[in-house]
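Below is upload_22.txt, holding compact mmCIF, N, CA and C atoms.
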```
# COMPACT_ATOMS: atom_id res chain seq x y z
N MET A 1 -35.25 56.42 54.07
CA MET A 1 -33.91 56.23 53.58
C MET A 1 -33.66 54.75 53.28
N ARG A 2 -34.22 53.92 54.13
CA ARG A 2 -34.07 52.52 53.86
C ARG A 2 -34.73 52.14 52.55
N THR A 3 -35.82 52.65 52.29
CA THR A 3 -36.53 52.35 51.08
C THR A 3 -35.72 52.80 49.87
N LEU A 4 -35.09 53.94 50.00
CA LEU A 4 -34.28 54.45 48.90
C LEU A 4 -33.08 53.53 48.66
N VAL A 5 -32.43 53.11 49.67
CA VAL A 5 -31.27 52.21 49.54
C VAL A 5 -31.74 50.87 48.99
N THR A 6 -32.85 50.39 49.49
CA THR A 6 -33.37 49.11 49.01
C THR A 6 -33.74 49.22 47.54
N ALA A 7 -34.36 50.29 47.15
CA ALA A 7 -34.74 50.48 45.75
C ALA A 7 -33.50 50.60 44.87
N ALA A 8 -32.47 51.29 45.36
CA ALA A 8 -31.23 51.45 44.58
C ALA A 8 -30.54 50.10 44.40
N VAL A 9 -30.47 49.33 45.46
CA VAL A 9 -29.84 48.01 45.39
C VAL A 9 -30.65 47.11 44.48
N LEU A 10 -31.95 47.16 44.62
CA LEU A 10 -32.81 46.35 43.77
C LEU A 10 -32.68 46.76 42.31
N GLY A 11 -32.61 48.03 42.02
CA GLY A 11 -32.43 48.52 40.66
C GLY A 11 -31.09 48.09 40.08
N LEU A 12 -30.06 48.20 40.91
CA LEU A 12 -28.72 47.79 40.46
C LEU A 12 -28.70 46.29 40.18
N GLY A 13 -29.31 45.53 41.04
CA GLY A 13 -29.37 44.07 40.85
C GLY A 13 -30.10 43.70 39.58
N LEU A 14 -31.21 44.35 39.30
CA LEU A 14 -31.96 44.07 38.09
C LEU A 14 -31.19 44.46 36.83
N SER A 15 -30.49 45.57 36.89
CA SER A 15 -29.71 45.99 35.72
C SER A 15 -28.55 45.04 35.46
N VAL A 16 -27.93 44.55 36.53
CA VAL A 16 -26.84 43.57 36.38
C VAL A 16 -27.39 42.27 35.81
N ALA A 17 -28.53 41.83 36.31
CA ALA A 17 -29.15 40.60 35.82
C ALA A 17 -29.53 40.74 34.36
N ALA A 18 -30.07 41.87 33.98
CA ALA A 18 -30.44 42.10 32.58
C ALA A 18 -29.22 42.11 31.70
N CYS A 19 -28.17 42.72 32.18
CA CYS A 19 -26.92 42.77 31.42
C CYS A 19 -26.37 41.36 31.26
N ASN A 20 -26.43 40.59 32.31
CA ASN A 20 -25.92 39.23 32.25
C ASN A 20 -26.73 38.37 31.27
N GLN A 21 -28.05 38.55 31.24
CA GLN A 21 -28.87 37.79 30.29
C GLN A 21 -28.53 38.17 28.86
N ALA A 22 -28.28 39.45 28.62
CA ALA A 22 -27.89 39.87 27.27
C ALA A 22 -26.53 39.28 26.90
N ASP A 23 -25.62 39.32 27.85
CA ASP A 23 -24.30 38.72 27.60
C ASP A 23 -24.43 37.22 27.38
N GLN A 24 -25.29 36.59 28.17
CA GLN A 24 -25.49 35.15 28.01
C GLN A 24 -26.07 34.82 26.64
N ARG A 25 -27.03 35.60 26.20
CA ARG A 25 -27.61 35.38 24.87
C ARG A 25 -26.57 35.57 23.77
N LYS A 26 -25.74 36.61 23.93
CA LYS A 26 -24.70 36.87 22.93
C LYS A 26 -23.68 35.73 22.94
N THR A 27 -23.27 35.29 24.10
CA THR A 27 -22.31 34.19 24.20
C THR A 27 -22.90 32.92 23.61
N GLN A 28 -24.17 32.66 23.90
CA GLN A 28 -24.83 31.47 23.36
C GLN A 28 -24.91 31.56 21.83
N ALA A 29 -25.23 32.71 21.31
CA ALA A 29 -25.31 32.89 19.85
C ALA A 29 -23.93 32.71 19.23
N ASP A 30 -22.89 33.25 19.88
CA ASP A 30 -21.52 33.09 19.37
C ASP A 30 -21.11 31.61 19.38
N ALA A 31 -21.46 30.91 20.45
CA ALA A 31 -21.12 29.49 20.55
C ALA A 31 -21.84 28.69 19.47
N GLN A 32 -23.11 29.01 19.23
CA GLN A 32 -23.86 28.30 18.20
C GLN A 32 -23.28 28.57 16.82
N ALA A 33 -22.87 29.82 16.58
CA ALA A 33 -22.27 30.17 15.29
C ALA A 33 -20.95 29.42 15.10
N ALA A 34 -20.14 29.37 16.15
CA ALA A 34 -18.87 28.64 16.07
C ALA A 34 -19.11 27.16 15.84
N SER A 35 -20.09 26.62 16.51
CA SER A 35 -20.43 25.20 16.34
C SER A 35 -20.87 24.92 14.91
N GLN A 36 -21.66 25.80 14.34
CA GLN A 36 -22.11 25.64 12.96
C GLN A 36 -20.93 25.73 12.00
N ASP A 37 -19.98 26.65 12.26
CA ASP A 37 -18.80 26.77 11.41
C ASP A 37 -17.97 25.48 11.44
N VAL A 38 -17.79 24.93 12.63
CA VAL A 38 -17.03 23.68 12.78
C VAL A 38 -17.73 22.56 12.03
N LYS A 39 -19.05 22.48 12.17
CA LYS A 39 -19.83 21.44 11.49
C LYS A 39 -19.68 21.56 9.98
N GLU A 40 -19.81 22.78 9.46
CA GLU A 40 -19.69 22.98 8.01
C GLU A 40 -18.29 22.66 7.52
N SER A 41 -17.27 23.04 8.29
CA SER A 41 -15.88 22.73 7.90
C SER A 41 -15.65 21.22 7.88
N ALA A 42 -16.18 20.53 8.87
CA ALA A 42 -16.03 19.07 8.91
C ALA A 42 -16.72 18.42 7.72
N GLN A 43 -17.92 18.89 7.39
CA GLN A 43 -18.64 18.33 6.25
C GLN A 43 -17.89 18.59 4.95
N LYS A 44 -17.34 19.79 4.80
CA LYS A 44 -16.59 20.12 3.58
C LYS A 44 -15.33 19.26 3.49
N THR A 45 -14.64 19.11 4.61
CA THR A 45 -13.43 18.28 4.62
C THR A 45 -13.77 16.83 4.28
N GLY A 46 -14.86 16.32 4.84
CA GLY A 46 -15.29 14.95 4.54
C GLY A 46 -15.61 14.78 3.07
N ALA A 47 -16.28 15.76 2.49
CA ALA A 47 -16.61 15.69 1.06
C ALA A 47 -15.35 15.73 0.21
N ASP A 48 -14.39 16.59 0.60
CA ASP A 48 -13.13 16.68 -0.15
C ASP A 48 -12.35 15.36 -0.08
N VAL A 49 -12.30 14.76 1.11
CA VAL A 49 -11.59 13.49 1.27
C VAL A 49 -12.25 12.41 0.42
N LYS A 50 -13.58 12.37 0.42
CA LYS A 50 -14.30 11.37 -0.37
C LYS A 50 -14.01 11.56 -1.86
N GLU A 51 -14.04 12.80 -2.31
CA GLU A 51 -13.80 13.09 -3.73
C GLU A 51 -12.37 12.70 -4.12
N ASN A 52 -11.40 13.04 -3.27
CA ASN A 52 -10.01 12.69 -3.57
C ASN A 52 -9.80 11.18 -3.56
N ALA A 53 -10.46 10.48 -2.65
CA ALA A 53 -10.34 9.03 -2.59
C ALA A 53 -10.91 8.40 -3.86
N GLN A 54 -12.02 8.94 -4.35
CA GLN A 54 -12.60 8.42 -5.58
C GLN A 54 -11.67 8.64 -6.76
N LYS A 55 -11.03 9.82 -6.80
CA LYS A 55 -10.09 10.10 -7.90
C LYS A 55 -8.91 9.14 -7.85
N VAL A 56 -8.38 8.89 -6.65
CA VAL A 56 -7.26 7.95 -6.51
C VAL A 56 -7.69 6.56 -6.95
N GLY A 57 -8.89 6.15 -6.55
CA GLY A 57 -9.39 4.83 -6.96
C GLY A 57 -9.51 4.71 -8.47
N GLU A 58 -10.01 5.75 -9.11
CA GLU A 58 -10.14 5.74 -10.57
C GLU A 58 -8.77 5.70 -11.24
N ASP A 59 -7.80 6.44 -10.69
CA ASP A 59 -6.45 6.43 -11.25
C ASP A 59 -5.82 5.05 -11.13
N VAL A 60 -5.98 4.41 -9.98
CA VAL A 60 -5.42 3.07 -9.78
C VAL A 60 -6.07 2.09 -10.74
N LYS A 61 -7.37 2.17 -10.86
CA LYS A 61 -8.10 1.26 -11.76
C LYS A 61 -7.62 1.44 -13.20
N SER A 62 -7.46 2.68 -13.63
CA SER A 62 -6.99 2.96 -14.98
C SER A 62 -5.57 2.45 -15.19
N SER A 63 -4.70 2.67 -14.19
CA SER A 63 -3.31 2.22 -14.30
C SER A 63 -3.22 0.71 -14.39
N VAL A 64 -4.01 0.01 -13.59
CA VAL A 64 -3.99 -1.46 -13.63
C VAL A 64 -4.49 -1.96 -14.98
N LYS A 65 -5.52 -1.32 -15.50
CA LYS A 65 -6.06 -1.72 -16.81
C LYS A 65 -5.00 -1.51 -17.89
N ASP A 66 -4.34 -0.35 -17.86
CA ASP A 66 -3.29 -0.06 -18.85
C ASP A 66 -2.14 -1.06 -18.72
N MET A 67 -1.77 -1.40 -17.49
CA MET A 67 -0.68 -2.33 -17.28
C MET A 67 -1.05 -3.71 -17.81
N GLY A 68 -2.30 -4.11 -17.63
CA GLY A 68 -2.75 -5.40 -18.16
C GLY A 68 -2.65 -5.45 -19.67
N VAL A 69 -3.02 -4.36 -20.31
CA VAL A 69 -2.92 -4.28 -21.77
C VAL A 69 -1.46 -4.37 -22.20
N ASP A 70 -0.58 -3.65 -21.48
CA ASP A 70 0.85 -3.67 -21.81
C ASP A 70 1.43 -5.07 -21.66
N VAL A 71 1.09 -5.75 -20.58
CA VAL A 71 1.60 -7.11 -20.34
C VAL A 71 1.13 -8.05 -21.45
N LYS A 72 -0.12 -7.91 -21.84
CA LYS A 72 -0.66 -8.76 -22.90
C LYS A 72 0.08 -8.51 -24.22
N GLN A 73 0.36 -7.23 -24.50
CA GLN A 73 1.08 -6.90 -25.73
C GLN A 73 2.49 -7.49 -25.71
N VAL A 74 3.15 -7.40 -24.56
CA VAL A 74 4.51 -7.95 -24.44
C VAL A 74 4.47 -9.46 -24.62
N ALA A 75 3.49 -10.11 -23.99
CA ALA A 75 3.41 -11.57 -24.08
C ALA A 75 3.15 -12.03 -25.51
N ASN A 76 2.45 -11.24 -26.29
CA ASN A 76 2.14 -11.62 -27.67
C ASN A 76 3.13 -11.07 -28.68
N ASP A 77 4.15 -10.36 -28.22
CA ASP A 77 5.14 -9.78 -29.12
C ASP A 77 5.93 -10.89 -29.80
N PRO A 78 6.12 -10.82 -31.14
CA PRO A 78 6.85 -11.88 -31.85
C PRO A 78 8.29 -12.04 -31.35
N ASP A 79 8.96 -10.95 -31.01
CA ASP A 79 10.34 -11.05 -30.52
C ASP A 79 10.38 -11.78 -29.18
N VAL A 80 9.40 -11.53 -28.35
CA VAL A 80 9.34 -12.21 -27.05
C VAL A 80 9.08 -13.70 -27.26
N LYS A 81 8.19 -14.01 -28.17
CA LYS A 81 7.91 -15.43 -28.45
C LYS A 81 9.16 -16.13 -29.01
N LYS A 82 9.90 -15.42 -29.85
CA LYS A 82 11.13 -15.99 -30.42
C LYS A 82 12.14 -16.23 -29.31
N ALA A 83 12.30 -15.22 -28.42
CA ALA A 83 13.24 -15.37 -27.30
C ALA A 83 12.81 -16.51 -26.39
N GLN A 84 11.51 -16.66 -26.20
CA GLN A 84 11.00 -17.74 -25.37
C GLN A 84 11.38 -19.10 -25.98
N GLY A 85 11.22 -19.23 -27.28
CA GLY A 85 11.58 -20.48 -27.96
C GLY A 85 13.07 -20.77 -27.87
N GLU A 86 13.88 -19.71 -28.05
CA GLU A 86 15.33 -19.88 -27.96
C GLU A 86 15.75 -20.28 -26.55
N LEU A 87 15.13 -19.67 -25.56
CA LEU A 87 15.44 -20.01 -24.16
C LEU A 87 15.06 -21.45 -23.87
N LYS A 88 13.91 -21.86 -24.34
CA LYS A 88 13.46 -23.23 -24.12
C LYS A 88 14.44 -24.22 -24.75
N SER A 89 14.88 -23.92 -25.97
CA SER A 89 15.83 -24.79 -26.67
C SER A 89 17.17 -24.83 -25.93
N ALA A 90 17.63 -23.66 -25.47
CA ALA A 90 18.91 -23.60 -24.75
C ALA A 90 18.83 -24.39 -23.45
N LEU A 91 17.71 -24.30 -22.75
CA LEU A 91 17.56 -25.05 -21.50
C LEU A 91 17.51 -26.56 -21.77
N LYS A 92 16.88 -26.93 -22.87
CA LYS A 92 16.81 -28.35 -23.24
C LYS A 92 18.22 -28.87 -23.54
N ASP A 93 19.01 -28.08 -24.31
CA ASP A 93 20.39 -28.46 -24.62
C ASP A 93 21.24 -28.54 -23.35
N LEU A 94 21.03 -27.60 -22.44
CA LEU A 94 21.78 -27.60 -21.19
C LEU A 94 21.46 -28.85 -20.39
N GLY A 95 20.18 -29.21 -20.32
CA GLY A 95 19.79 -30.43 -19.60
C GLY A 95 20.44 -31.66 -20.21
N ALA A 96 20.48 -31.75 -21.54
CA ALA A 96 21.10 -32.90 -22.20
C ALA A 96 22.60 -32.93 -21.91
N SER A 97 23.24 -31.75 -21.91
CA SER A 97 24.69 -31.69 -21.63
C SER A 97 24.99 -32.11 -20.20
N VAL A 98 24.18 -31.69 -19.26
CA VAL A 98 24.39 -32.07 -17.86
C VAL A 98 24.20 -33.58 -17.70
N LYS A 99 23.18 -34.11 -18.34
CA LYS A 99 22.92 -35.55 -18.26
C LYS A 99 24.09 -36.35 -18.84
N LYS A 100 24.62 -35.88 -19.99
CA LYS A 100 25.75 -36.56 -20.62
C LYS A 100 26.99 -36.47 -19.75
N ALA A 101 27.22 -35.29 -19.15
CA ALA A 101 28.40 -35.11 -18.29
C ALA A 101 28.30 -36.02 -17.07
N ALA A 102 27.12 -36.18 -16.52
CA ALA A 102 26.94 -37.06 -15.36
C ALA A 102 27.21 -38.51 -15.75
N LYS A 103 26.73 -38.91 -16.93
CA LYS A 103 26.98 -40.29 -17.40
C LYS A 103 28.47 -40.52 -17.64
N ASP A 104 29.15 -39.56 -18.29
CA ASP A 104 30.58 -39.68 -18.56
C ASP A 104 31.35 -39.76 -17.25
N THR A 105 30.95 -38.94 -16.26
CA THR A 105 31.64 -38.95 -14.96
C THR A 105 31.45 -40.31 -14.29
N ARG A 106 30.25 -40.85 -14.36
CA ARG A 106 29.97 -42.16 -13.78
C ARG A 106 30.82 -43.23 -14.45
N ASP A 107 30.88 -43.21 -15.80
CA ASP A 107 31.66 -44.20 -16.53
C ASP A 107 33.15 -44.07 -16.20
N ASN A 108 33.65 -42.86 -16.16
CA ASN A 108 35.07 -42.64 -15.84
C ASN A 108 35.39 -43.07 -14.41
N THR A 109 34.45 -42.85 -13.51
CA THR A 109 34.66 -43.26 -12.12
C THR A 109 34.71 -44.78 -12.03
N ARG A 110 33.83 -45.46 -12.75
CA ARG A 110 33.85 -46.93 -12.76
C ARG A 110 35.17 -47.45 -13.33
N GLU A 111 35.58 -46.85 -14.44
CA GLU A 111 36.83 -47.28 -15.09
C GLU A 111 38.01 -47.07 -14.16
N ALA A 112 38.03 -45.92 -13.49
CA ALA A 112 39.13 -45.65 -12.55
C ALA A 112 39.09 -46.64 -11.39
N GLY A 113 37.91 -47.00 -10.96
CA GLY A 113 37.79 -47.99 -9.88
C GLY A 113 38.31 -49.35 -10.31
N HIS A 114 37.99 -49.75 -11.54
CA HIS A 114 38.47 -51.04 -12.06
C HIS A 114 39.99 -51.02 -12.20
N GLU A 115 40.53 -49.91 -12.68
CA GLU A 115 41.98 -49.81 -12.84
C GLU A 115 42.67 -49.86 -11.48
N ALA A 116 42.08 -49.22 -10.51
CA ALA A 116 42.66 -49.24 -9.16
C ALA A 116 42.61 -50.65 -8.59
N LYS A 117 41.53 -51.35 -8.84
CA LYS A 117 41.39 -52.71 -8.36
C LYS A 117 42.42 -53.64 -9.04
N ASP A 118 42.60 -53.45 -10.35
CA ASP A 118 43.57 -54.25 -11.10
C ASP A 118 44.98 -53.96 -10.59
N ALA A 119 45.26 -52.65 -10.34
CA ALA A 119 46.59 -52.28 -9.84
C ALA A 119 46.85 -52.87 -8.48
N ALA A 120 45.84 -52.95 -7.64
CA ALA A 120 46.00 -53.51 -6.31
C ALA A 120 46.22 -55.02 -6.42
N SER A 121 45.55 -55.68 -7.35
CA SER A 121 45.72 -57.13 -7.54
C SER A 121 47.12 -57.41 -8.06
N ASP A 122 47.62 -56.59 -8.98
CA ASP A 122 48.97 -56.78 -9.52
C ASP A 122 50.02 -56.55 -8.44
N ALA A 123 49.76 -55.61 -7.54
CA ALA A 123 50.73 -55.32 -6.49
C ALA A 123 50.79 -56.45 -5.49
N LYS A 124 49.73 -57.18 -5.27
CA LYS A 124 49.71 -58.31 -4.35
C LYS A 124 50.43 -59.48 -4.96
N GLY A 125 50.31 -59.55 -6.15
CA GLY A 125 50.71 -60.57 -6.86
C GLY A 125 51.51 -61.51 -7.34
```
Translate the structure of the given file into structure tokens.
Amino acid sequence: MRTLVTAAVLGLGLSVAACNQADQRKTQADAQAASQDVKESAQKTGADVKENAQKVGEDVKSSVKDMGVDVKQVANDPDVKKAQGELKSALKDLGASVKKAAKDTRDNTREAGHEAKDAASDAKG
């Protein structure tokens, strides 16, 4: 009877161990498959990010080039050059007017000072 119980326990133990090894293999295979899926997703995402970054870089480069052409065209536009000349002339005239006004103010201040001095001398007098 002991032998029968020992054999039954031993048989049960072996069947449990075999079942566990099969489960372990299945779990290991599932884990490896999941790991591979994650790796592939990461690689695809990395490739997509790189591709999008390159497209953005090309768009920026193209936009800057177009903007440079536009700025050059504006700078060489005859109307802009005419406006530039008119502005330069107006600023030159403004500078001359300010200089003249400062000189006139200085002269008037001197004259007023002389008149005040003369009036003070006459009042003492």
What does the distance from atom C of Gln43 of chain A to atom N of Lys55 of chain A come to in Å, to one decimal?
-> 16.2 Å
Between atom CA of Lys65 of chain A and atom CA of Glu51 of chain A, what is the spacing in Å?
->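 We find that atom CA of Glu51 of chain A and atom CA of Lys65 of chain A lie 21.2 Å from each other.
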Point-to-point distance in Å for atom CA of Thr105 of chain A and atom C of Gly85 of chain A |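 Interatomic distance here is 29.0 Å.
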